[in-house]
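Next comes target.cif, a file with mmCIF, C-alpha atoms (C1' of nucleotides).
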data_model
loop_
_atom_site.label_atom_id
_atom_site.label_comp_id
_atom_site.auth_asym_id
_atom_site.auth_seq_id
_atom_site.Cartn_x
_atom_site.Cartn_y
_atom_site.Cartn_z
CA MET A 1299 -39.89 108.69 -5.24
CA SER A 1300 -40.86 111.97 -3.70
CA ARG A 1301 -41.80 112.13 -0.05
CA ARG A 1302 -43.51 115.47 -0.59
CA LEU A 1303 -46.99 115.48 0.85
CA GLY A 1304 -48.38 117.14 -2.27
CA TYR A 1305 -46.95 114.43 -4.49
CA LEU A 1306 -48.19 111.66 -2.21
CA LEU A 1307 -51.72 113.04 -1.95
CA LYS A 1308 -51.97 113.62 -5.68
CA HIS A 1309 -50.77 110.17 -6.68
CA ALA A 1310 -52.74 108.38 -3.99
CA GLN A 1311 -55.81 110.09 -5.41
CA LEU A 1312 -54.88 109.05 -8.97
CA ARG A 1313 -54.37 105.43 -7.93
CA LEU A 1314 -57.63 105.35 -6.04
CA ALA A 1315 -59.47 106.85 -9.02
CA GLU A 1316 -58.15 104.00 -11.18
CA LEU A 1317 -60.18 101.67 -8.95
CA THR A 1318 -63.28 103.75 -8.22
CA GLY A 1319 -63.79 104.80 -11.85
CA PRO A 1320 -64.30 101.26 -13.22
CA ALA A 1321 -66.22 100.30 -10.06
CA LEU A 1322 -68.76 103.07 -10.69
CA ALA A 1323 -68.90 102.74 -14.48
CA PRO A 1324 -71.73 100.15 -14.44
CA TYR A 1325 -73.92 102.71 -12.68
CA GLY A 1326 -73.21 105.47 -15.18
CA ILE A 1327 -71.73 107.94 -12.70
CA ASP A 1328 -68.32 109.03 -11.47
CA GLY A 1329 -67.05 109.73 -7.97
CA ARG A 1330 -67.98 113.40 -7.98
CA GLU A 1331 -71.52 112.61 -8.99
CA LEU A 1332 -71.80 109.97 -6.26
CA ALA A 1333 -70.68 112.62 -3.77
CA VAL A 1334 -73.47 114.92 -4.95
CA LEU A 1335 -76.03 112.15 -4.58
CA ALA A 1336 -74.74 111.46 -1.08
CA VAL A 1337 -74.96 115.07 0.03
CA LEU A 1338 -78.48 115.37 -1.37
CA GLU A 1339 -79.60 112.33 0.58
CA THR A 1340 -78.21 113.73 3.80
CA GLY A 1341 -80.40 116.83 3.77
CA PRO A 1342 -79.80 119.94 5.88
CA GLY A 1343 -77.06 119.61 8.46
CA ALA A 1344 -79.11 120.07 11.60
CA ALA A 1345 -81.00 116.90 10.81
CA LEU A 1346 -78.03 114.54 10.53
CA GLU A 1347 -79.27 112.51 13.48
CA ALA A 1348 -82.83 112.50 12.20
CA GLY A 1349 -81.95 110.35 9.20
CA PRO A 1350 -81.66 110.84 5.45
CA GLY A 1351 -83.69 113.59 3.86
CA ALA A 1352 -84.93 114.98 7.11
CA GLY A 1353 -85.21 118.75 7.40
CA GLY A 1354 -86.27 119.37 3.81
CA PRO A 1355 -84.45 119.42 0.50
CA LEU A 1356 -81.19 121.22 -0.22
CA SER A 1357 -80.78 124.08 -2.67
CA GLN A 1358 -78.07 123.86 -5.32
CA GLN A 1359 -75.95 126.34 -3.47
CA GLU A 1360 -76.23 124.46 -0.19
CA ALA A 1361 -75.16 121.26 -1.94
CA ALA A 1362 -72.24 123.12 -3.54
CA GLN A 1363 -71.07 124.50 -0.21
CA ARG A 1364 -71.12 121.06 1.42
CA LEU A 1365 -68.79 119.73 -1.25
CA ARG A 1366 -66.77 122.94 -1.52
CA ILE A 1367 -67.34 123.27 -5.22
CA ASP A 1368 -68.40 126.37 -7.12
CA ARG A 1369 -72.13 127.01 -7.54
CA THR A 1370 -71.68 127.32 -11.33
CA THR A 1371 -70.06 123.89 -11.34
CA MET A 1372 -73.01 122.54 -9.39
CA VAL A 1373 -75.40 123.79 -12.08
CA ALA A 1374 -73.69 121.57 -14.65
CA MET A 1375 -73.56 118.59 -12.28
CA ILE A 1376 -77.26 118.82 -11.45
CA ASP A 1377 -77.97 119.19 -15.18
CA THR A 1378 -76.15 115.91 -15.80
CA LEU A 1379 -77.73 114.05 -12.89
CA GLU A 1380 -81.19 115.31 -13.86
CA ALA A 1381 -80.66 114.14 -17.45
CA LYS A 1382 -79.75 110.71 -16.05
CA GLY A 1383 -82.96 110.67 -14.02
CA LEU A 1384 -81.15 110.53 -10.69
CA VAL A 1385 -82.21 113.87 -9.20
CA SER A 1386 -85.12 116.26 -9.68
CA ARG A 1387 -85.39 120.04 -9.49
CA ARG A 1388 -88.55 121.74 -8.25
CA PRO A 1389 -89.30 125.18 -6.87
CA HIS A 1390 -88.20 125.44 -3.25
CA PRO A 1391 -91.16 125.83 -0.90
CA GLY A 1392 -90.51 129.07 0.94
CA ASP A 1393 -87.88 130.69 -1.29
CA ARG A 1394 -88.65 130.86 -4.97
CA ARG A 1395 -85.07 131.84 -5.82
CA LYS A 1396 -83.93 128.36 -4.89
CA ASN A 1397 -84.28 124.98 -6.48
CA ALA A 1398 -85.20 122.11 -4.21
CA VAL A 1399 -82.95 119.32 -5.44
CA GLU A 1400 -83.91 115.80 -4.45
CA LEU A 1401 -82.99 112.23 -5.24
CA THR A 1402 -85.36 110.27 -7.46
CA PRO A 1403 -86.04 106.64 -6.52
CA ARG A 1404 -83.52 105.67 -9.19
CA GLY A 1405 -81.06 108.16 -7.71
CA ARG A 1406 -81.48 106.49 -4.33
CA ASP A 1407 -80.80 103.06 -5.85
CA THR A 1408 -77.74 104.39 -7.67
CA LEU A 1409 -76.42 105.99 -4.50
CA ARG A 1410 -76.80 102.72 -2.58
CA ASP A 1411 -75.29 100.47 -5.26
CA GLY A 1412 -72.55 102.93 -6.21
CA GLY A 1413 -71.69 103.30 -2.54
CA VAL A 1414 -71.21 99.55 -2.19
CA ALA A 1415 -69.02 99.55 -5.31
CA VAL A 1416 -66.84 102.36 -3.99
CA ASP A 1417 -66.57 100.64 -0.62
CA GLY A 1418 -65.08 97.67 -2.45
CA ALA A 1419 -62.70 99.86 -4.44
CA GLU A 1420 -61.51 101.57 -1.27
CA ARG A 1421 -60.93 98.21 0.39
CA ALA A 1422 -58.83 97.09 -2.57
CA PHE A 1423 -56.92 100.35 -2.50
CA LEU A 1424 -56.13 99.91 1.20
CA SER A 1425 -55.55 96.16 1.06
CA GLY A 1426 -51.81 96.53 1.64
CA LEU A 1427 -52.37 98.22 5.01
CA THR A 1428 -53.30 96.85 8.38
CA ASP A 1429 -56.84 97.66 9.50
CA ASP A 1430 -55.40 100.01 12.11
CA ASP A 1431 -53.34 101.92 9.56
CA ALA A 1432 -56.27 102.13 7.16
CA SER A 1433 -58.66 103.57 9.71
CA LEU A 1434 -55.99 105.90 11.06
CA LEU A 1435 -55.39 107.20 7.55
CA ARG A 1436 -59.06 108.07 7.23
CA ASP A 1437 -59.17 109.69 10.66
CA VAL A 1438 -56.06 111.77 10.08
CA LEU A 1439 -57.24 112.96 6.67
CA SER A 1440 -60.61 113.89 8.17
CA ARG A 1441 -58.84 116.16 10.63
CA LEU A 1442 -56.87 117.84 7.84
CA VAL A 1443 -59.77 118.56 5.51
CA MET B 1265 -68.72 115.91 5.66
CA SER B 1266 -67.89 112.94 3.51
CA ARG B 1267 -65.69 110.17 4.86
CA ARG B 1268 -65.00 108.95 1.34
CA LEU B 1269 -61.30 108.47 0.74
CA GLY B 1270 -61.52 110.22 -2.63
CA TYR B 1271 -63.12 113.27 -1.08
CA LEU B 1272 -60.62 113.36 1.76
CA LEU B 1273 -57.59 113.02 -0.49
CA LYS B 1274 -58.84 115.66 -2.91
CA HIS B 1275 -59.65 118.24 -0.26
CA ALA B 1276 -56.51 117.56 1.75
CA GLN B 1277 -54.59 118.29 -1.43
CA LEU B 1278 -56.56 121.49 -2.04
CA ARG B 1279 -55.96 122.72 1.48
CA LEU B 1280 -52.25 121.91 1.30
CA ALA B 1281 -51.99 123.74 -2.04
CA GLU B 1282 -53.45 126.84 -0.40
CA LEU B 1283 -50.34 126.87 1.80
CA THR B 1284 -47.63 125.70 -0.62
CA GLY B 1285 -48.73 128.02 -3.42
CA PRO B 1286 -48.11 131.26 -1.54
CA ALA B 1287 -45.00 129.75 0.08
CA LEU B 1288 -43.46 129.10 -3.34
CA ALA B 1289 -44.70 132.29 -5.03
CA PRO B 1290 -41.63 134.35 -4.03
CA TYR B 1291 -39.47 131.89 -5.96
CA GLY B 1292 -41.59 132.07 -9.10
CA ILE B 1293 -42.45 128.38 -9.25
CA ASP B 1294 -45.29 126.09 -8.22
CA GLY B 1295 -45.26 122.70 -6.54
CA ARG B 1296 -45.14 120.71 -9.77
CA GLU B 1297 -42.13 122.67 -10.98
CA LEU B 1298 -40.39 122.14 -7.65
CA ALA B 1299 -40.95 118.41 -8.06
CA VAL B 1300 -39.29 118.52 -11.48
CA LEU B 1301 -36.29 120.39 -10.07
CA ALA B 1302 -36.04 117.81 -7.30
CA VAL B 1303 -36.09 114.85 -9.66
CA LEU B 1304 -33.48 116.46 -11.89
CA GLU B 1305 -31.15 116.97 -8.95
CA THR B 1306 -31.47 113.35 -7.91
CA GLY B 1307 -30.07 111.98 -11.16
CA PRO B 1308 -30.36 108.38 -12.32
CA GLY B 1309 -31.81 106.03 -9.75
CA ALA B 1310 -28.84 103.73 -9.28
CA ALA B 1311 -26.84 106.63 -7.91
CA LEU B 1312 -29.20 107.60 -5.09
CA GLU B 1313 -26.58 106.76 -2.50
CA ALA B 1314 -23.83 108.46 -4.44
CA GLY B 1315 -25.33 111.91 -3.94
CA PRO B 1316 -27.14 114.48 -6.08
CA GLY B 1317 -26.43 114.52 -9.77
CA ALA B 1318 -24.30 111.40 -9.73
CA GLY B 1319 -24.68 109.00 -12.61
CA GLY B 1320 -25.20 111.60 -15.33
CA PRO B 1321 -28.10 113.80 -16.32
CA LEU B 1322 -31.68 112.65 -16.89
CA SER B 1323 -33.51 112.78 -20.20
CA GLN B 1324 -36.91 114.45 -20.33
CA GLN B 1325 -38.60 111.11 -20.58
CA GLU B 1326 -36.77 109.70 -17.57
CA ALA B 1327 -37.80 112.75 -15.56
CA ALA B 1328 -41.39 112.32 -16.74
CA GLN B 1329 -41.46 108.65 -15.72
CA ARG B 1330 -40.18 109.44 -12.23
CA LEU B 1331 -43.05 111.86 -11.67
CA ARG B 1332 -45.58 109.75 -13.56
CA ILE B 1333 -46.52 112.57 -15.89
CA ASP B 1334 -46.83 112.41 -19.65
CA ARG B 1335 -43.73 113.12 -21.73
CA THR B 1336 -45.61 115.81 -23.69
CA THR B 1337 -46.45 117.52 -20.42
CA MET B 1338 -42.79 117.38 -19.48
CA VAL B 1339 -41.88 119.22 -22.68
CA ALA B 1340 -43.97 122.20 -21.59
CA MET B 1341 -42.64 122.09 -18.03
CA ILE B 1342 -39.02 122.04 -19.16
CA ASP B 1343 -39.84 124.88 -21.57
CA THR B 1344 -41.11 126.94 -18.65
CA LEU B 1345 -38.23 126.09 -16.33
CA GLU B 1346 -35.69 126.80 -19.08
CA ALA B 1347 -37.32 130.18 -19.77
CA LYS B 1348 -36.97 130.94 -16.05
CA GLY B 1349 -33.28 130.03 -16.20
CA LEU B 1350 -33.66 127.15 -13.73
CA VAL B 1351 -32.75 124.22 -16.01
CA SER B 1352 -30.73 123.75 -19.20
CA ARG B 1353 -31.11 121.43 -22.15
CA ARG B 1354 -28.11 120.08 -24.03
CA PRO B 1355 -27.55 117.12 -26.32
CA HIS B 1356 -27.24 113.93 -24.31
CA PRO B 1357 -23.73 112.48 -24.54
CA GLY B 1358 -24.21 109.00 -25.95
CA ASP B 1359 -27.75 109.27 -27.37
CA ARG B 1360 -28.47 112.21 -29.59
CA ARG B 1361 -32.21 111.56 -29.47
CA LYS B 1362 -32.25 112.62 -25.84
CA ASN B 1363 -31.92 115.93 -24.10
CA ALA B 1364 -29.70 116.04 -21.05
CA VAL B 1365 -31.68 118.20 -18.66
CA GLU B 1366 -29.78 119.70 -15.76
CA LEU B 1367 -30.25 122.26 -13.03
CA THR B 1368 -28.56 125.62 -13.49
CA PRO B 1369 -26.91 127.18 -10.43
CA ARG B 1370 -30.01 129.32 -10.06
CA GLY B 1371 -32.15 126.20 -10.38
CA ARG B 1372 -30.19 124.64 -7.53
CA ASP B 1373 -30.75 127.70 -5.36
CA THR B 1374 -34.44 127.74 -6.18
CA LEU B 1375 -34.75 124.05 -5.35
CA ARG B 1376 -33.09 124.57 -1.99
CA ASP B 1377 -35.03 127.70 -1.01
CA GLY B 1378 -38.32 126.43 -2.40
CA GLY B 1379 -37.81 123.17 -0.54
CA VAL B 1380 -37.41 125.03 2.74
CA ALA B 1381 -40.54 127.03 1.99
CA VAL B 1382 -42.57 123.90 1.26
CA ASP B 1383 -41.23 122.22 4.39
CA GLY B 1384 -42.69 125.11 6.34
CA ALA B 1385 -46.01 124.91 4.52
CA GLU B 1386 -46.24 121.19 5.21
CA ARG B 1387 -45.50 121.74 8.87
CA ALA B 1388 -48.29 124.32 9.05
CA PHE B 1389 -50.63 121.95 7.25
CA LEU B 1390 -49.87 119.15 9.72
CA SER B 1391 -49.73 121.36 12.80
CA GLY B 1392 -52.96 119.94 14.20
CA LEU B 1393 -51.52 116.43 14.32
CA THR B 1394 -49.13 114.78 16.72
CA ASP B 1395 -45.66 114.11 15.32
CA ASP B 1396 -46.45 110.40 15.32
CA ASP B 1397 -49.65 110.86 13.32
CA ALA B 1398 -47.93 113.20 10.88
CA SER B 1399 -45.09 110.81 10.12
CA LEU B 1400 -47.46 107.85 9.96
CA LEU B 1401 -49.58 109.72 7.43
CA ARG B 1402 -46.53 110.18 5.22
CA ASP B 1403 -45.48 106.57 5.61
CA VAL B 1404 -48.91 105.19 4.86
CA LEU B 1405 -49.36 107.39 1.79
CA SER B 1406 -45.93 106.32 0.55
CA ARG B 1407 -47.05 102.72 0.65
CA LEU B 1408 -50.21 103.52 -1.31
CA VAL B 1409 -48.58 105.49 -4.11
"C1'" DT C 336 -79.18 145.66 -2.06
"C1'" DA C 337 -78.25 140.76 -1.64
"C1'" DT C 338 -78.96 136.02 -3.09
"C1'" DT C 339 -79.99 132.03 -6.42
"C1'" DG C 340 -79.67 130.04 -10.59
"C1'" DT C 341 -77.94 130.44 -15.10
"C1'" DT C 342 -74.97 131.27 -19.22
"C1'" DA C 343 -70.85 132.55 -21.56
"C1'" DT C 344 -66.23 132.49 -21.29
"C1'" DA C 345 -61.56 131.41 -20.11
"C1'" DC C 346 -57.94 129.12 -17.83
"C1'" DT C 347 -55.27 125.05 -16.04
"C1'" DC C 348 -53.94 120.44 -16.35
"C1'" DT C 349 -53.57 116.55 -18.90
"C1'" DA C 350 -53.68 113.16 -22.67
"C1'" DT C 351 -53.78 111.54 -27.73
"C1'" DA C 352 -52.13 111.60 -32.41
"C1'" DA C 353 -48.92 112.68 -35.67
"C1'" DC C 354 -44.49 114.46 -37.11
"C1'" DT C 355 -38.93 114.59 -37.02
"C1'" DA C 356 -34.61 112.94 -35.89
"C1'" DT C 357 -32.08 109.58 -34.23
"C1'" DA C 358 -31.06 104.64 -32.80
"C1'" DT D 698 -38.78 99.19 -36.10
"C1'" DA D 699 -38.45 101.57 -31.90
"C1'" DT D 700 -37.44 105.65 -29.08
"C1'" DA D 701 -37.03 110.87 -27.77
"C1'" DG D 702 -38.58 115.20 -28.42
"C1'" DT D 703 -41.94 118.19 -30.31
"C1'" DT D 704 -46.37 120.28 -31.88
"C1'" DA D 705 -51.26 120.64 -32.51
"C1'" DT D 706 -55.33 119.57 -30.61
"C1'" DA D 707 -58.93 118.20 -27.54
"C1'" DG D 708 -60.95 116.95 -23.30
"C1'" DA D 709 -61.73 117.37 -18.25
"C1'" DG D 710 -62.38 120.28 -14.36
"C1'" DT D 711 -62.83 124.60 -12.50
"C1'" DA D 712 -63.44 129.61 -11.85
"C1'" DT D 713 -64.91 134.58 -13.10
"C1'" DA D 714 -68.18 137.93 -14.84
"C1'" DA D 715 -72.57 139.29 -16.02
"C1'" DC D 716 -77.58 138.73 -16.23
"C1'" DA D 717 -82.66 137.64 -14.73
"C1'" DA D 718 -85.68 136.47 -11.08
"C1'" DT D 719 -86.62 136.82 -6.41
"C1'" DA D 720 -85.91 138.20 -1.57
#

Hey, can you dump this file as structure tokens for me?
Amino acid sequence: MSRRLGYLLKHAQLRLAELTGPALAPYGIDGRELAVLAVLETGPGAALEAGPGAGGPLSQQEAAQRLRIDRTTMVAMIDTLEAKGLVSRRPHPGDRRKNAVELTPRGRDTLRDGGVAVDGAERAFLSGLTDDDASLLRDVLSRLV
Amino acid sequence: MSRRLGYLLKHAQLRLAELTGPALAPYGIDGRELAVLAVLETGPGAALEAGPGAGGPLSQQEAAQRLRIDRTTMVAMIDTLEAKGLVSRRPHPGDRRKNAVELTPRGRDTLRDGGVAVDGAERAFLSGLTDDDASLLRDVLSRLV
DNA sequence: TATTGTTATACTCTATAACTATA
DNA sequence: TATAGTTATAGAGTATAACAATA
């Protein structure tokens, strides 16, 4: 088996996705969509300490930048989430070029329940590691991203 | 920034690819192709201690299984590598259903030089970590894959 | 002029199904 | 019957280019 970092990262991701996919299926979303819900709940960066949603709603482009995905990709993701009733678009107060994208109540429920499901999948994925190794893995990856 | 393992693994991989891609470009291959060259050099698993190439050549399907990619994907990859003059197909001695896929001399050179280039890219990628953290990251990922 | 959202389009990676030749 | 290679095809996921509305 290859010890190449690229190989290891790719296959670790594939194995994790085999757990998170089924874990999220009951909620009708996948991992990327959960990430969008999470970033929408957070709200603008300056307000991270002020709690979820503080500081006003995000535009599509702001959400895309947080997740480092293309703004045209975000259009399609918001389309999907809106069709599922999990987010809403409305004109942004203050800049009519932007959409203010926000979680619906159902989106908030889905974020909470999907988050719990993914927590369980991650625990299963890491179950072969000591707690120290598991938390170190997360810390080290955070520094690399 | 998300602390989700899926997000971290995905973006770590993207950031690493930004380094390995340019590092391999002078050799006309990408990381996936390098992995195929590496697995072809290794030869059948039982001969890992006996040195590169020992134990006879691999079939396409054996190579595919080692890298956990589909056999139809391997067809296209071997096509590409053969067109670049890095591997050769010949009838497998002993089972005419199989192709014996082997590195050409140029394939061997490319594997060696590309490997050095990727080593450098990985070092750059990990340069913010202590040596202990870097090697632990590799060990932990190996256990998860 | 620059930015936001949008659409059309294309490209990469991968998998599924069906065919052939061999076993 | 089963396996190895191959081809055709389709589905994700993503990115680029161009346009309308707004700043």

Inset, instruction - Can you work out the spacing between CA of Ala1381 (chain A) and C1' of DC716 (chain D) in Å, to one decimal? - result: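 According to the coordinates, CA of Ala1381 (chain A) and C1' of DC716 (chain D) are separated by 24.8 Å.
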
Legend entry - Spatial neighbours of DA717 (chain D), max dist 12 Å, all atoms listed in the file, sep filter under 3 positions, as a list of chain:residue names: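 Listed by chain and then number, they are A:Arg1395, C:DT339, C:DG340, C:DT341, C:DT342.
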
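Atom pair CA of Leu1405 (chain B) / CA of Asp1334 (chain B) has a distance of 22.2 Å (rounded to one decimal).
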
Inset, instruction - For chain B, work out the contacting residues on chain D at 10 Å, counting all atoms listed in the file, and write them as a VMD selection string. - result: chain D and resid 700 to 704

Legend entry - Picked residues, the PyMOL selection byres ((chain C and resi 352) around 9), as a ChimeraX atom specification: /C:351,353 /D:706

Inset, instruction - Run through the PyMOL selection byres ((chain C) within 12 of (chain B)) on the given coordinates and return the selected residues as number ranges by chain. - result: C: 348-352, 355-358

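The list of residues with at least one atom within 10 Å of region 1391-1403 of chain B, based on all atoms listed in the file and without residues fewer than 6 positions apart in the same chain, reads Arg1301, Arg1302, Leu1303, Leu1306, Leu1307, Asp1431, Leu1434, Leu1435, Arg1436, Asp1437, Val1438, Leu1439, Arg1441 and Leu1442 of chain A; Ala1385 of chain B.
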
Legend entry - Distance of CA of Ala1310 (chain A) from CA of Val1409 (chain B), expressed in Å to one decimal place: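 Distance between the two atoms: 5.1 Å.
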
Inset, instruction - Using only C-alpha atoms (C1' of nucleotides), determine which residues lie at most 12 Å from Gly1292 (chain B), disregarding the query and same-chain residues fewer than 5 positions distant; provide the list as a PyMOL selection string. - result: chain B and resi 1285-1287+1297-1298+1344-1345+1347-1350+1370-1371+1374-1375+1377-1378

Inset, instruction - Name the residues that the PyMOL selection byres ((chain C and resi 347) around 12) picks from the file above, as a ChimeraX atom specification, using the file's chain letters and numbers. - result: /C:345-346,348-349 /D:709-712

Those residues with C-alpha atoms (C1' of nucleotides), as a PDB file, in the frame of the given file please?
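Here's the written file again_3.pdb:
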ATOM      1  C1'  DA C 345     -61.560 131.410 -20.110  1.00  0.00           C
ATOM      2  C1'  DC C 346     -57.940 129.120 -17.830  1.00  0.00           C
ATOM      3  C1'  DC C 348     -53.940 120.440 -16.350  1.00  0.00           C
ATOM      4  C1'  DT C 349     -53.570 116.550 -18.900  1.00  0.00           C
TER       5       DT C 349
ATOM      6  C1'  DA D 709     -61.730 117.370 -18.250  1.00  0.00           C
ATOM      7  C1'  DG D 710     -62.380 120.280 -14.360  1.00  0.00           C
ATOM      8  C1'  DT D 711     -62.830 124.600 -12.500  1.00  0.00           C
ATOM      9  C1'  DA D 712     -63.440 129.610 -11.850  1.00  0.00           C
TER      10       DA D 712
END
